[in-house]
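target-v2.csv follows; it contains CSV, C-alpha atoms and all ligand atoms.
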chain,number,residue,atom,x,y,z
A,1,MET,CA,-10.7,-57.6,107.6
A,2,VAL,CA,-7.9,-57.3,105.1
A,3,ASP,CA,-8.5,-57.1,101.3
A,4,VAL,CA,-5.8,-59.0,99.5
A,5,PRO,CA,-5.9,-58.6,95.8
A,6,GLY,CA,-5.1,-61.9,94.2
A,7,TRP,CA,-5.4,-63.9,97.4
A,8,GLY,CA,-7.8,-66.4,95.8
A,9,GLY,CA,-9.1,-68.0,98.9
A,10,ASN,CA,-7.7,-70.4,101.6
A,11,LEU,CA,-8.5,-73.7,103.3
A,12,ALA,CA,-10.0,-73.7,106.8
A,13,GLY,CA,-7.2,-73.7,109.4
A,14,GLN,CA,-4.4,-72.0,107.3
A,15,HIS,CA,-2.4,-69.0,108.4
A,16,LEU,CA,-0.5,-66.2,106.9
A,17,ASP,CA,2.8,-64.4,107.8
A,18,LEU,CA,2.5,-60.7,108.3
A,19,ARG,CA,5.6,-58.5,108.1
A,20,LEU,CA,5.8,-55.0,109.7
A,21,THR,CA,8.7,-52.7,108.7
A,22,ALA,CA,9.6,-49.8,110.9
A,23,PRO,CA,10.8,-46.5,109.4
A,24,ASP,CA,14.4,-47.5,110.3
A,25,GLY,CA,14.1,-50.7,108.3
A,26,TYR,CA,13.7,-53.0,111.3
A,27,THR,CA,11.2,-55.8,110.5
A,28,ALA,CA,9.1,-58.2,112.5
A,29,VAL,CA,7.3,-61.2,111.1
A,30,ARG,CA,4.4,-62.9,112.9
A,31,SER,CA,2.0,-65.7,111.9
A,32,TYR,CA,-1.8,-65.1,112.2
A,33,SER,CA,-4.5,-67.7,111.5
A,34,ILE,CA,-7.2,-66.9,109.1
A,35,ALA,CA,-10.7,-66.9,110.5
A,36,SER,CA,-12.3,-66.9,107.1
A,37,ALA,CA,-12.3,-69.8,104.7
A,38,GLY,CA,-13.2,-70.5,101.1
A,39,PRO,CA,-12.8,-68.4,97.9
A,40,GLY,CA,-12.5,-64.6,97.8
A,41,ASP,CA,-9.9,-61.9,98.3
A,42,ARG,CA,-11.0,-60.7,101.7
A,43,VAL,CA,-9.3,-62.2,104.7
A,44,GLU,CA,-10.5,-62.0,108.3
A,45,LEU,CA,-8.1,-62.0,111.2
A,46,ALA,CA,-8.6,-61.9,115.0
A,47,VAL,CA,-5.7,-60.8,117.2
A,48,ASP,CA,-5.2,-60.9,120.9
A,49,LYS,CA,-3.2,-58.0,122.3
A,50,PHE,CA,0.0,-58.7,124.3
A,51,PRO,CA,0.6,-55.2,125.8
A,52,ASP,CA,4.4,-55.6,125.7
A,53,GLY,CA,4.4,-57.2,122.3
A,54,GLU,CA,6.0,-55.8,119.2
A,55,VAL,CA,3.3,-56.5,116.7
A,56,SER,CA,-0.1,-57.3,118.3
A,57,PRO,CA,-0.6,-53.9,120.0
A,58,TYR,CA,-0.2,-52.2,116.6
A,59,LEU,CA,-2.7,-54.6,115.0
A,60,VAL,CA,-5.2,-54.2,117.7
A,61,ASP,CA,-4.9,-50.4,118.6
A,62,ASP,CA,-3.1,-48.5,115.9
A,63,ILE,CA,-4.0,-49.9,112.6
A,64,GLN,CA,-6.3,-47.7,110.5
A,65,LYS,CA,-8.7,-48.5,107.7
A,66,GLY,CA,-6.8,-48.2,104.5
A,67,ASP,CA,-3.4,-49.0,105.9
A,68,GLU,CA,-1.3,-51.4,103.8
A,69,LEU,CA,0.2,-54.6,105.2
A,70,GLU,CA,2.8,-56.9,103.8
A,71,LEU,CA,1.7,-60.5,104.1
A,72,ARG,CA,2.4,-63.9,102.7
A,73,GLY,CA,0.0,-66.9,102.4
A,74,PRO,CA,-2.1,-68.9,102.6
A,75,LEU,CA,0.3,-71.1,104.5
A,76,GLY,CA,0.3,-74.6,106.0
A,77,GLY,CA,-1.5,-77.6,104.5
A,78,TRP,CA,-1.6,-79.8,107.6
A,79,PHE,CA,-3.6,-78.1,110.3
A,80,VAL,CA,-6.6,-77.8,108.0
A,81,TRP,CA,-10.1,-79.2,107.7
A,82,LYS,CA,-11.6,-80.0,104.3
A,83,PRO,CA,-15.4,-80.3,103.6
A,84,GLU,CA,-14.9,-83.7,102.0
A,85,GLN,CA,-13.8,-85.1,105.4
A,86,THR,CA,-16.7,-87.1,106.9
A,87,GLU,CA,-15.4,-88.2,110.4
A,88,SER,CA,-16.5,-86.5,113.6
A,89,VAL,CA,-14.4,-83.5,114.5
A,90,GLN,CA,-13.5,-82.2,118.0
A,91,LEU,CA,-12.1,-78.7,118.1
A,92,ILE,CA,-10.4,-77.4,121.2
A,93,GLY,CA,-9.3,-73.7,121.3
A,94,GLY,CA,-7.6,-71.6,124.0
A,95,GLY,CA,-8.0,-67.8,123.7
A,96,SER,CA,-7.1,-66.6,120.2
A,97,GLY,CA,-6.3,-70.3,119.3
A,98,VAL,CA,-10.0,-70.4,118.4
A,99,VAL,CA,-9.3,-68.5,115.2
A,100,PRO,CA,-8.4,-71.3,112.8
A,101,LEU,CA,-11.2,-73.4,114.4
A,102,ILE,CA,-13.7,-70.7,113.6
A,103,ALA,CA,-12.6,-71.0,110.0
A,104,MET,CA,-13.3,-74.8,110.2
A,105,VAL,CA,-16.8,-74.2,111.8
A,106,ARG,CA,-17.6,-71.7,109.1
A,107,SER,CA,-16.4,-74.0,106.3
A,108,HIS,CA,-18.4,-76.8,107.9
A,109,ALA,CA,-21.6,-74.7,107.9
A,110,ALA,CA,-21.0,-73.2,104.4
A,111,SER,CA,-20.5,-76.6,102.8
A,112,GLY,CA,-23.6,-78.1,104.4
A,113,SER,CA,-21.4,-80.9,105.9
A,114,THR,CA,-23.1,-83.4,108.1
A,115,ALA,CA,-19.9,-84.5,109.9
A,116,PRO,CA,-20.5,-84.0,113.6
A,117,PHE,CA,-18.6,-81.0,114.9
A,118,ARG,CA,-17.9,-80.0,118.4
A,119,LEU,CA,-16.0,-76.9,119.7
A,120,LEU,CA,-14.7,-76.6,123.3
A,121,TYR,CA,-13.6,-73.0,123.7
A,122,SER,CA,-11.5,-72.0,126.7
A,123,VAL,CA,-11.5,-68.2,127.2
A,124,ARG,CA,-10.8,-65.8,130.1
A,125,THR,CA,-14.1,-64.1,130.5
A,126,PRO,CA,-17.4,-64.0,128.5
A,127,GLN,CA,-16.3,-60.6,127.1
A,128,ASP,CA,-13.2,-62.1,125.5
A,129,VAL,CA,-15.1,-64.6,123.2
A,130,PHE,CA,-14.3,-64.0,119.6
A,131,PHE,CA,-17.3,-64.3,117.2
A,132,ALA,CA,-19.7,-65.0,120.1
A,133,ASP,CA,-23.0,-64.2,118.3
A,134,GLU,CA,-22.1,-66.1,115.2
A,135,LEU,CA,-20.9,-69.2,117.2
A,136,ARG,CA,-24.1,-69.2,119.3
A,137,ALA,CA,-26.3,-68.8,116.2
A,138,LEU,CA,-24.6,-71.7,114.4
A,139,ALA,CA,-24.9,-73.9,117.5
A,140,GLU,CA,-28.6,-73.2,117.8
A,141,SER,CA,-29.4,-73.7,114.1
A,142,SER,CA,-27.3,-76.7,113.2
A,143,PRO,CA,-27.9,-80.2,114.5
A,144,TYR,CA,-24.3,-81.0,113.5
A,145,PHE,CA,-22.5,-78.4,115.6
A,146,ASP,CA,-22.1,-78.3,119.4
A,147,LEU,CA,-20.5,-75.5,121.4
A,148,ASN,CA,-19.1,-75.6,124.9
A,149,PHE,CA,-17.2,-73.0,126.9
A,150,VAL,CA,-14.7,-73.1,129.7
A,151,TYR,CA,-14.1,-69.8,131.4
A,152,THR,CA,-10.7,-69.4,133.1
A,153,ARG,CA,-11.1,-66.0,134.9
A,154,ALA,CA,-14.7,-65.0,135.2
A,155,VAL,CA,-17.9,-66.9,134.4
A,156,PRO,CA,-21.3,-65.6,133.2
A,157,ALA,CA,-24.2,-65.1,135.7
A,158,ASN,CA,-25.8,-68.4,136.8
A,159,TRP,CA,-22.9,-70.5,135.4
A,160,PRO,CA,-22.8,-73.8,137.1
A,161,SER,CA,-19.1,-73.9,137.9
A,162,LYS,CA,-16.3,-71.6,139.0
A,163,PRO,CA,-13.7,-70.3,136.6
A,164,GLY,CA,-10.9,-72.8,136.0
A,165,ARG,CA,-8.6,-74.3,133.4
A,166,ILE,CA,-9.5,-77.2,131.1
A,167,SER,CA,-9.1,-80.4,133.1
A,168,ARG,CA,-9.4,-84.1,132.4
A,169,GLU,CA,-12.9,-84.0,133.9
A,170,ILE,CA,-14.0,-81.2,131.5
A,171,LEU,CA,-12.5,-82.9,128.5
A,172,GLU,CA,-14.3,-86.1,129.5
A,173,ALA,CA,-17.6,-84.3,129.9
A,174,SER,CA,-17.5,-81.9,127.0
A,175,THR,CA,-15.6,-83.5,124.1
A,176,TYR,CA,-16.1,-86.5,121.9
A,177,PRO,CA,-14.7,-89.7,123.4
A,178,ALA,CA,-11.7,-91.5,121.9
A,179,SER,CA,-14.1,-94.5,121.2
A,180,ILE,CA,-15.6,-92.7,118.2
A,181,SER,CA,-12.2,-91.8,116.8
A,182,PRO,CA,-12.7,-88.2,116.1
A,183,ALA,CA,-10.2,-86.0,114.3
A,184,VAL,CA,-9.1,-83.6,117.0
A,185,PHE,CA,-7.7,-80.1,116.4
A,186,VAL,CA,-6.1,-78.3,119.4
A,187,CYS,CA,-4.9,-74.7,119.1
A,188,GLY,CA,-3.8,-72.0,121.5
A,189,PRO,CA,-0.8,-70.9,123.6
A,190,THR,CA,1.9,-73.5,123.7
A,191,GLY,CA,1.3,-74.5,127.3
A,192,PHE,CA,-2.4,-74.9,126.7
A,193,VAL,CA,-1.9,-77.0,123.7
A,194,GLU,CA,0.6,-79.3,125.4
A,195,SER,CA,-1.5,-79.9,128.5
A,196,VAL,CA,-4.7,-80.6,126.4
A,197,ALA,CA,-2.9,-82.9,124.0
A,198,ASN,CA,-1.3,-84.9,126.8
A,199,ILE,CA,-4.7,-85.4,128.5
A,200,LEU,CA,-6.3,-86.4,125.2
A,201,VAL,CA,-3.7,-89.1,124.7
A,202,ALA,CA,-4.2,-90.3,128.3
A,203,LEU,CA,-7.9,-90.5,127.5
A,204,GLY,CA,-7.1,-92.9,124.7
A,205,HIS,CA,-7.0,-90.7,121.6
A,206,GLU,CA,-4.4,-91.8,119.0
A,207,PRO,CA,-1.6,-89.3,119.0
A,208,THR,CA,-1.8,-89.2,115.2
A,209,SER,CA,-5.4,-88.2,115.2
A,210,VAL,CA,-4.7,-85.1,117.5
A,211,LYS,CA,-3.4,-82.2,115.4
A,212,THR,CA,-1.9,-79.2,117.2
A,213,GLU,CA,-1.1,-75.7,116.4
A,214,ARG,CA,1.0,-73.8,119.0
A,215,PHE,CA,0.8,-70.0,119.0
A,216,GLY,CA,3.8,-69.5,121.3
A,217,GLY,CA,4.2,-68.0,124.7
A,218,LYS,CA,4.5,-70.1,127.9
B,1,MET,CA,13.8,-62.0,122.1
B,2,MET,CA,12.7,-65.0,124.1
B,3,PRO,CA,13.1,-68.3,122.3
B,4,ARG,CA,9.5,-68.9,121.1
B,5,HIS,CA,8.4,-72.5,120.9
B,6,VAL,CA,5.7,-73.2,118.4
B,7,ASP,CA,5.2,-76.1,116.0
B,8,GLY,CA,6.2,-77.0,112.5
B,9,ASN,CA,3.1,-75.3,111.0
B,10,ALA,CA,5.0,-72.0,111.6
B,11,LEU,CA,7.7,-73.1,109.1
B,12,ALA,CA,5.3,-73.0,106.2
B,13,GLY,CA,6.1,-69.3,105.5
B,14,PRO,CA,9.9,-69.3,105.9
B,15,LEU,CA,10.3,-72.6,104.0
B,16,SER,CA,8.1,-71.4,101.1
B,17,ASP,CA,11.0,-69.3,100.0
B,18,LEU,CA,13.2,-72.4,99.7
B,19,PHE,CA,10.7,-75.0,98.4
B,20,ALA,CA,8.0,-74.9,95.8
B,21,PHE,CA,5.8,-77.3,97.8
B,22,ASP,CA,4.5,-77.2,101.3
B,23,VAL,CA,7.3,-78.9,103.2
B,24,THR,CA,5.3,-78.9,106.5
B,25,CYS,CA,3.1,-81.7,105.0
B,26,ALA,CA,6.2,-83.8,104.0
B,27,SER,CA,7.2,-86.6,106.4
B,28,GLY,CA,10.8,-86.7,107.6
B,29,ARG,CA,12.7,-89.5,109.3
B,30,CYS,CA,14.4,-88.4,112.5
B,31,VAL,CA,18.1,-89.4,112.6
B,32,GLY,CA,17.8,-89.5,116.4
B,33,CYS,CA,15.0,-92.0,117.0
B,34,GLY,CA,13.8,-93.1,113.5
B,35,ASP,CA,10.3,-91.7,113.9
B,36,VAL,CA,8.7,-90.7,110.6
B,37,THR,CA,6.3,-87.7,111.0
B,38,VAL,CA,5.1,-84.7,109.1
B,39,LEU,CA,7.3,-81.6,109.7
B,40,ALA,CA,4.2,-79.8,111.0
B,41,ARG,CA,4.5,-81.8,114.2
B,42,ALA,CA,8.1,-80.7,114.9
B,43,MET,CA,8.9,-78.3,117.8
B,44,VAL,CA,10.1,-75.0,116.4
B,45,TYR,CA,12.2,-72.5,118.2
B,46,GLU,CA,12.9,-69.1,116.6
B,47,ASP,CA,15.6,-66.5,117.3
B,48,GLU,CA,17.1,-63.5,115.5
B,49,MET,CA,19.2,-65.9,113.4
B,50,GLY,CA,16.5,-68.1,112.2
B,51,PHE,CA,14.7,-71.3,113.2
B,52,VAL,CA,15.5,-74.7,114.8
B,53,ALA,CA,13.1,-77.6,114.4
B,54,ARG,CA,13.4,-80.5,116.8
B,55,CYS,CA,11.8,-83.9,116.9
B,56,HIS,CA,8.5,-83.9,118.9
B,57,LEU,CA,9.5,-87.3,120.4
B,58,CYS,CA,13.3,-87.3,121.1
B,59,ASP,CA,14.1,-83.6,120.8
B,60,SER,CA,17.0,-84.1,118.4
B,61,MET,CA,17.6,-81.3,116.0
B,62,LEU,CA,15.9,-82.0,112.7
B,63,LEU,CA,16.7,-78.9,110.7
B,64,THR,CA,18.0,-75.4,111.0
B,65,VAL,CA,17.3,-72.4,108.8
B,66,VAL,CA,19.8,-69.5,109.3
B,67,ARG,CA,19.1,-66.2,107.5
B,68,THR,CA,22.0,-64.7,105.7
B,69,ALA,CA,22.4,-61.3,104.1
B,70,ASP,CA,21.6,-62.7,100.6
B,71,GLY,CA,19.4,-65.6,101.5
B,72,ALA,CA,19.0,-68.5,103.9
B,73,TRP,CA,21.2,-71.5,104.8
B,74,LEU,CA,19.1,-74.7,105.3
B,75,ASP,CA,20.7,-77.6,107.2
B,76,LEU,CA,18.8,-80.9,107.2
B,77,GLN,CA,21.3,-82.7,109.4
B,78,GLY,CA,18.7,-84.5,111.5
B,79,ILE,CA,16.5,-85.8,108.7
B,80,SER,CA,17.6,-88.9,107.0
B,81,GLY,CA,14.8,-89.0,104.4
B,82,LEU,CA,11.9,-86.9,103.4
B,83,HIS,CA,8.7,-88.3,101.9
B,84,VAL,CA,6.7,-86.0,99.8
B,85,ALA,CA,3.2,-86.9,98.6
B,86,LEU,CA,2.8,-86.1,94.9
C,1,LIG,C1,0.8,-70.6,113.2
C,1,LIG,C2,0.5,-69.4,114.2
C,1,LIG,C3,-0.8,-68.8,114.1
C,1,LIG,C4,-1.1,-67.8,115.0
C,1,LIG,N1,-2.3,-67.2,114.9
C,1,LIG,C5,-2.7,-66.2,115.7
C,1,LIG,C6,-4.0,-65.6,115.7
C,1,LIG,O1,-4.9,-66.0,114.9
C,1,LIG,N2,-4.3,-64.6,116.6
C,1,LIG,C7,-3.4,-64.1,117.5
C,1,LIG,O2,-3.7,-63.2,118.3
C,1,LIG,N3,-2.1,-64.7,117.6
C,1,LIG,C8,-1.8,-65.7,116.7
C,1,LIG,N4,-0.5,-66.2,116.8
C,1,LIG,C9,0.5,-65.6,117.7
C,1,LIG,C10,1.2,-64.4,117.0
C,1,LIG,O3,2.0,-64.9,115.9
C,1,LIG,C11,2.1,-63.6,117.9
C,1,LIG,O4,3.0,-64.5,118.6
C,1,LIG,C12,1.3,-62.8,118.9
C,1,LIG,O5,0.5,-61.8,118.2
C,1,LIG,C13,2.3,-62.0,119.8
C,1,LIG,O6,3.1,-61.2,119.0
C,1,LIG,P1,3.7,-59.8,119.5
C,1,LIG,O7,4.7,-59.3,118.5
C,1,LIG,O8,2.7,-58.9,119.9
C,1,LIG,O9,4.5,-60.3,120.9
C,1,LIG,P2,6.1,-60.5,121.0
C,1,LIG,O10,6.8,-59.2,121.0
C,1,LIG,O11,6.5,-61.6,120.1
C,1,LIG,O12,6.0,-61.1,122.5
C,1,LIG,C14,5.7,-60.3,123.6
C,1,LIG,C15,5.5,-61.2,124.9
C,1,LIG,O13,4.3,-62.0,124.8
C,1,LIG,C16,4.7,-63.4,124.9
C,1,LIG,N5,3.8,-64.1,123.9
C,1,LIG,C17,3.9,-64.0,122.6
C,1,LIG,N6,3.0,-64.8,122.0
C,1,LIG,C18,2.3,-65.4,123.0
C,1,LIG,C19,1.2,-66.3,123.0
C,1,LIG,N7,0.6,-66.7,121.9
C,1,LIG,N8,0.7,-66.7,124.3
C,1,LIG,C20,1.3,-66.2,125.4
C,1,LIG,N9,2.3,-65.3,125.4
C,1,LIG,C21,2.8,-64.9,124.2
C,1,LIG,C22,6.1,-63.5,124.6
C,1,LIG,O14,6.7,-64.6,125.2
C,1,LIG,C23,6.7,-62.1,125.1
C,1,LIG,O15,6.9,-62.2,126.5
C,1,LIG,C24,-0.1,-67.3,115.9
C,1,LIG,C25,1.1,-67.9,116.0
C,1,LIG,C26,1.4,-69.0,115.1
C,1,LIG,C27,2.8,-69.7,115.2
C,2,ZN,ZN,13.4,-88.2,117.1
Write-out of the structure in structure tokens:
Amino acid sequence: MVDVPGWGGNLAGQHLDLRLTAPDGYTAVRSYSIASAGPGDRVELAVDKFPDGEVSPYLVDDIQKGDELELRGPLGGWFVWKPEQTESVQLIGGGSGVVPLIAMVRSHAASGSTAPFRLLYSVRTPQDVFFADELRALAESSPYFDLNFVYTRAVPANWPSKPGRISREILEASTYPASISPAVFVCGPTGFVESVANILVALGHEPTSVKTERFGGK
Amino acid sequence: MMPRHVDGNALAGPLSDLFAFDVTCASGRCVGCGDVTVLARAMVYEDEMGFVARCHLCDSMLLTVVRTADGAWLDLQGISGLHVAL
């Protein structure tokens, strides 16, 4: 949670750029999606740690309550969902790529939208799920939101399948079909986004209805 | 640093210094293949010098942003037109 005086709110799916400056003046800028949406001056972020990374270990391990950060935003008006959109929405997130999608799910719930929403969340293990309780509660309480998981390293007890990556079969079984022309948002590590987007197009989705946000990496 | 490949969404911050509107939502025509797409769909590579954005279809260079001591040098060599929704 970051309090940003004068932030004034953001759309679901936007990001911010965060700049860290070392005592010797060296600076590093990284983008982070915003998990929160709507008005207000409090911004929620969720960061995955890359142990050999320059910025993420500081954000996950070292940052203290009360520390000041330099940030710029809200940024990006394309990878966003607005409550006035009425078409079905399929969200597909890999790892921390779920963060902007969480903002969309929250905005969907807060606005009372009746657009059908579905989230397919690919994650290493059950312990790595961001906002697990909130997502499950929303999926149980809302007739307009469906939640599906794919576990890539370890599955929960009694899970029907082995860990594995998102495949064509999983996308066919757990996402809206191209025939209902959903708006699709895919976000995560670059390799994840590219393989999912390619399968979606092969399954008949219009390339223009599939929006992507690549987080970097392989 | 490794060349990091993300997409045009990541240009929203760096280009907000140069433009008063969100350029990532503007549609550019690629000189290489003629495709007209929002800049948010470009492939973006970053290094210490700045950014290169390439066409998501034909990989031609669309634009470069090179940081200089007192600002930034923007070269739109691969975009033959930009449509901005007003
Ligand atoms: C628009 C946008 C939004 C983003 N939102 C978030 C977010 O909400 N939460 C979040 O945790 N991250 C997010 N990222 C990724 C984030 O900006 C950083 O890339 C990430 O935190 C790693 O930074 P670092 O300085 O720790 O690692 P670096 O020092 O940059 O890199 C360390 C090593 O990790 C590898 N690496 C870097 N990023 C990734 C990646 N995403 N996947 C796999 N390998 C990688 C590098 O290739 C390198 O080998 C976003 C990126 C973009 C472009
Ligand atoms: Zn092109």
Once you count only C-alpha atoms and all ligand atoms, which residues end up within 7 Å of ligand LIG 1 (chain C), and could you hand them over as a tab-separated table (two decimals) with C-alpha atoms, keeping the file's coordinate frame?
chain	number	residue	atom	x	y	z
A	15	HIS	CA	-2.40	-69.00	108.40
A	30	ARG	CA	4.40	-62.90	112.90
A	31	SER	CA	2.00	-65.70	111.90
A	32	TYR	CA	-1.80	-65.10	112.20
A	33	SER	CA	-4.50	-67.70	111.50
A	34	ILE	CA	-7.20	-66.90	109.10
A	45	LEU	CA	-8.10	-62.00	111.20
A	46	ALA	CA	-8.60	-61.90	115.00
A	47	VAL	CA	-5.70	-60.80	117.20
A	48	ASP	CA	-5.20	-60.90	120.90
A	49	LYS	CA	-3.20	-58.00	122.30
A	50	PHE	CA	0.00	-58.70	124.30
A	52	ASP	CA	4.40	-55.60	125.70
A	53	GLY	CA	4.40	-57.20	122.30
A	54	GLU	CA	6.00	-55.80	119.20
A	55	VAL	CA	3.30	-56.50	116.70
A	56	SER	CA	-0.10	-57.30	118.30
A	57	PRO	CA	-0.60	-53.90	120.00
A	96	SER	CA	-7.10	-66.60	120.20
A	97	GLY	CA	-6.30	-70.30	119.30
A	99	VAL	CA	-9.30	-68.50	115.20
A	100	PRO	CA	-8.40	-71.30	112.80
A	188	GLY	CA	-3.80	-72.00	121.50
A	189	PRO	CA	-0.80	-70.90	123.60
A	190	THR	CA	1.90	-73.50	123.70
A	213	GLU	CA	-1.10	-75.70	116.40
A	214	ARG	CA	1.00	-73.80	119.00
A	215	PHE	CA	0.80	-70.00	119.00
A	216	GLY	CA	3.80	-69.50	121.30
A	217	GLY	CA	4.20	-68.00	124.70
A	218	LYS	CA	4.50	-70.10	127.90
B	2	MET	CA	12.70	-65.00	124.10
B	4	ARG	CA	9.50	-68.90	121.10
B	6	VAL	CA	5.70	-73.20	118.40
B	7	ASP	CA	5.20	-76.10	116.00
B	9	ASN	CA	3.10	-75.30	111.00
B	10	ALA	CA	5.00	-72.00	111.60
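Near (3.8, -85.6, 98.7), the residues that fall inside 12 Å on the basis of only C-alpha atoms are Gly77 and Trp78 of chain A; Ala20, Phe21, Asp22, Val23, Thr24, Cys25, Ala26, Ser27, Gly28, Val38, Leu82, His83, Val84, Ala85 and Leu86 of chain B.
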Quiz item: Counting all atoms listed in the file, what is within 8 Å of Ala53 (chain B), bar same-chain residues fewer than 2 positions away, as a list of chain:residue names?
Solution: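 The filter keeps B:Gly8, B:Ala42, B:Met43, B:Val44, B:Tyr45, B:Phe51, B:Cys55, B:Met61, B:Leu62, B:Leu63, B:Thr64.
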Self-check item: Env. residues ligand ZN 2 (chain C) / 9 Å / all atoms listed in the file / as a list in words
Solution: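 So, counting all atoms listed in the file, the residues near ligand ZN 2 (chain C) are Arg29, Cys30, Val31, Gly32, Cys33, Gly34, Asp35, Val36, Arg54, Cys55, His56, Leu57, Cys58, Asp59, Ser60, Met61, Leu62 and Gly78 of chain B.
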Practice problem: Pick out the residues sitting within 12 Å of Val123 (chain A), and hand them over as a PyMOL selection string; count all atoms listed in the file, and ignore anything fewer than 4 positions along from it in its own chain. | Solution: chain A and resi 48+92-98+127-130+132+148-156+163-166+188-189+192
Practice problem: Find the residues around Ala72 (chain B) up to 10 Å (all atoms listed in the file counted), leave out those fewer than 4 positions away in its own chain, and share them as a list in words. | Solution: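 Contacts, in chain order: Pro14, Leu15, Asp17, Leu18, Met49, Gly50, Thr64, Val65, Val66, Arg67 and Thr68 of chain B.
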Practice problem: Would you mind telling me which residue in B:Phe19, B:Thr37, B:Gly71, B:Ser80 lies nearest to chain A when using only C-alpha atoms? | Solution: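 Closest residue, counting only C-alpha atoms: B:Thr37.
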Quiz prompt | Å distance separating CA of Pro126 (chain A) from CA of Leu203 (chain A), one decimal place | solution =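 Taking CA of Pro126 (chain A) and CA of Leu203 (chain A), their separation equals 28.2 Å.
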Practice problem: Provide the CA of Leu200 (chain A) to CA of Ala178 (chain A) distance in Å, to one decimal place. | Solution: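 If I compute the distance from CA of Leu200 (chain A) to CA of Ala178 (chain A), I get 8.1 Å.
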Quiz item: Just how far from CA of Pro23 (chain A) is CA of Asp67 (chain A), in Å to one decimal?
Solution: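 Between these atoms lies a distance of 14.8 Å.
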